[in-house]
Amino acid sequence: MRAAVLYEYGEPLVIEDVPRPDPEPHGVVVEVEACGVCRSDWHAWMGHGEWADDRVPRGQVLGHEPAGTVVAVGERVAEVREGDRVALPFNLGDGTCPFCRNGHGNVCPNGLGLGFHPDAPGAFAEQVHLPWADYNAMPLPGDLDARDVAALGCRFMTAFHALVHRVSLAPGDWVAVHGCGGVGLSAVHVADALGVRVVAVDVRESALDRATDLGADETVDARDADVPEAVRAITDGGAHVSLDALGRAETCRNSVACLRRRGEHVQIGLTTDEERGEVSLPTDRMAMDELSFHGSRGMPPTRYDELLGLLSSGDVDPGRLVSRHVALEAVPERLAAMTAYETEGVEVVTSF
């Protein structure tokens, strides 16, 4: 089967034939119908993460936002059947550790990162293996388009987990979103569905326009504004919750600085080789104003039903984030376009 393989950091992925996967006893094989192209794939392609012992090895098949149909089932799988349509989380829990059993499988110490770990080849391929399928497979209603499900991928579910599970929000609160790429726009859309007010921050007018279409009440162009000051003015004292959806030192500090007293910051974006996982913060102010700093990674597989419920209600539509359909051959080019922030919304591979 054809797949996109990482051989050299920063060099184009190689589209080549690789062996089709066989299911492990606890796993299933999924025929990929669609897979999002995410900035986390870009981080992997660039070789980032060495500072956090999280560098993707050479020889890895990338791609971690897939949806498709089960075509082979391991002998110990009890709940998933051939022919089931499923979405796959990128943070794969083993289903047995204390974190998994307590609803936090996204931080399973024995888990694997789909498309990031050599034992979990990714979904920029015709087929992908899903380990521990009874725990990780997310069954899908038959009428959901695979493209829309791929848009749920890591970005939409990460935004949902950040806003629903990691912080406390009430209708009418203000949320600031710094960086309106795929995960930032997802956060805008989810926040709007939750009934909170949203300030979207970016340096691209087109991204701010898309954020407005997805529910942002106000926007701030970071090219010509003091971002924390602008957000505090809009929100009458500061955001209740603020997300850094990009991972730059500037956006992280702006996110913390724009909070009101007892506000909550959520770090979603991963840093580049400029920050190398370290950002200096105003810790004295954070202590005096009782600001909270949260990390957020993916979403526990056991809580996908909450996200699907919101989807079924019609309050959110991840398909609205999709800006481009691409073929597998185009993945190397689309990753390169992310280097200069030349992509918008969510791009999805729909042709393998």
# chains A, B, ... in the order shown; residues from 1 in each chain; ligands from 1
>>> select_by_dssp(residues="region 81-252 of chain A", states="strand (DSSP E or B)", output="short mmCIF file (atom, residue, chain, number, x, y, z; two decimals) with C-alpha atoms, in the first residue's frame")
data_model
loop_
_atom_site.label_atom_id
_atom_site.label_comp_id
_atom_site.auth_asym_id
_atom_site.auth_seq_id
_atom_site.Cartn_x
_atom_site.Cartn_y
_atom_site.Cartn_z
CA ARG A 85 -16.85 3.02 10.69
CA VAL A 86 -14.52 4.53 13.28
CA ALA A 87 -12.42 7.54 14.12
CA ASN A 91 -3.31 9.53 21.94
CA LEU A 92 -3.79 5.78 22.26
CA LEU A 112 1.32 5.33 21.94
CA GLY A 113 1.10 8.38 19.71
CA HIS A 117 5.69 6.35 17.63
CA ALA A 120 2.03 3.06 15.84
CA ALA A 125 -1.50 5.63 4.18
CA GLN A 127 -4.56 1.49 5.84
CA VAL A 128 -3.64 2.02 9.49
CA HIS A 129 -3.46 -0.26 12.52
CA LEU A 130 -5.34 0.74 15.69
CA MET A 138 -14.60 5.67 18.33
CA PRO A 139 -17.72 4.26 16.59
CA TRP A 174 -14.88 35.53 27.78
CA VAL A 175 -12.42 33.17 26.05
CA ALA A 176 -9.37 34.50 24.18
CA VAL A 177 -7.87 32.30 21.46
CA HIS A 178 -4.33 33.15 20.39
CA ARG A 197 -17.93 35.01 24.21
CA VAL A 198 -14.79 34.76 22.10
CA VAL A 199 -11.91 37.07 21.22
CA ALA A 200 -9.81 35.65 18.36
CA VAL A 201 -6.22 36.83 17.94
CA ASP A 202 -4.05 36.34 14.85
CA GLU A 218 -14.37 40.17 18.58
CA THR A 219 -11.00 39.93 16.84
CA VAL A 220 -7.57 41.41 17.49
CA ASP A 221 -4.96 41.82 14.75
CA ALA A 239 -10.49 36.98 29.66
CA HIS A 240 -11.79 34.32 32.02
CA VAL A 241 -9.98 31.68 29.96
CA SER A 242 -7.25 32.10 27.37
CA LEU A 243 -5.70 29.52 25.03
CA ASP A 244 -2.34 29.56 23.32
#
>>> residues_around(residues="region 53-60 of chain A", least_positions_apart="4", cutoff="12 Å", atoms="only C-alpha atoms", output="ChimeraX atom specification")
/A:3-11,13-16,18,40-49,64,112-125,270-273,276-277
>>> residues_around(residues="Gly153 (chain A)", least_positions_apart="6", cutoff="12 Å", atoms="only C-alpha atoms", output="PyMOL selection string")
chain A and resi 34-40+63-67+86-91+114+123+138+146-147+159-160+182-183+186+298-299+301+304+307+318-319+321-322+346-348
>>> write_last_selection(atoms="C-alpha atoms", output="compact mmCIF listing (two decimals), in the first residue's frame")
# COMPACT_ATOMS: atom_id res chain seq x y z
CA ALA A 34 -9.80 10.66 5.23
CA CYS A 35 -6.97 12.04 7.38
CA GLY A 36 -6.32 15.60 8.47
CA VAL A 37 -2.99 17.34 7.86
CA CYS A 38 -2.12 18.90 11.21
CA ARG A 39 0.54 21.24 12.53
CA SER A 40 1.63 18.44 14.85
CA GLY A 63 -0.69 11.15 9.95
CA HIS A 64 -2.80 11.09 13.10
CA GLU A 65 -6.30 12.39 12.30
CA PRO A 66 -7.95 9.49 10.44
CA ALA A 67 -11.40 8.08 9.95
CA VAL A 86 -14.52 4.53 13.28
CA ALA A 87 -12.42 7.54 14.12
CA LEU A 88 -9.02 7.03 15.69
CA PRO A 89 -7.57 9.20 18.47
CA PHE A 90 -3.90 10.06 18.20
CA ASN A 91 -3.31 9.53 21.94
CA LEU A 114 -0.52 7.41 16.42
CA ALA A 123 -2.56 7.25 8.66
CA MET A 138 -14.60 5.67 18.33
CA ALA A 146 -15.29 10.85 6.81
CA ARG A 147 -13.92 14.26 5.84
CA ALA A 159 -9.98 22.20 21.68
CA PHE A 160 -13.07 20.50 23.09
CA GLY A 182 -6.84 24.56 12.82
CA VAL A 183 -6.90 24.08 16.60
CA SER A 186 -11.77 24.69 16.48
CA GLY A 298 -5.81 15.44 22.92
CA MET A 299 -8.85 13.98 24.68
CA PRO A 301 -11.12 8.21 24.29
CA TYR A 304 -15.76 11.03 22.80
CA LEU A 307 -18.14 15.45 21.53
CA PRO A 318 -16.21 20.51 12.03
CA GLY A 319 -16.71 20.35 8.28
CA LEU A 321 -13.22 24.23 9.24
CA VAL A 322 -12.15 22.25 6.16
CA VAL A 346 -8.11 22.28 8.22
CA GLU A 347 -6.75 20.48 5.18
CA VAL A 348 -7.80 16.84 4.75
>>> atom_distance(atom1="CA of Ser312 (chain A)", atom2="CA of Gly179 (chain A)")
27.2 Å
>>> residues_around(residues="region 204-213 of chain A", least_positions_apart="5", cutoff="7 Å", atoms="only C-alpha atoms", output="ChimeraX atom specification")
/A:180,185,188,219,344
>>> closest_residue(among="A:Gly247, A:Arg260, A:Asp317, A:Leu163", to="Asp145 (chain A)", atoms="only C-alpha atoms")
A:Asp317
>>> closest_residue(among="A:Ala336, A:Val167, A:Val77, A:Leu144", to="His265 (chain A)", atoms="only C-alpha atoms")
A:Val167
>>> closest_residue(among="A:Leu291, A:Val316, A:Ala249, A:Val256", to="Asp192 (chain A)", atoms="only C-alpha atoms")
A:Val316
>>> closest_residue(among="A:Asp284, A:Glu126, A:Asp134, A:Asp289", to="Gly95 (chain A)", atoms="only C-alpha atoms")
A:Asp134
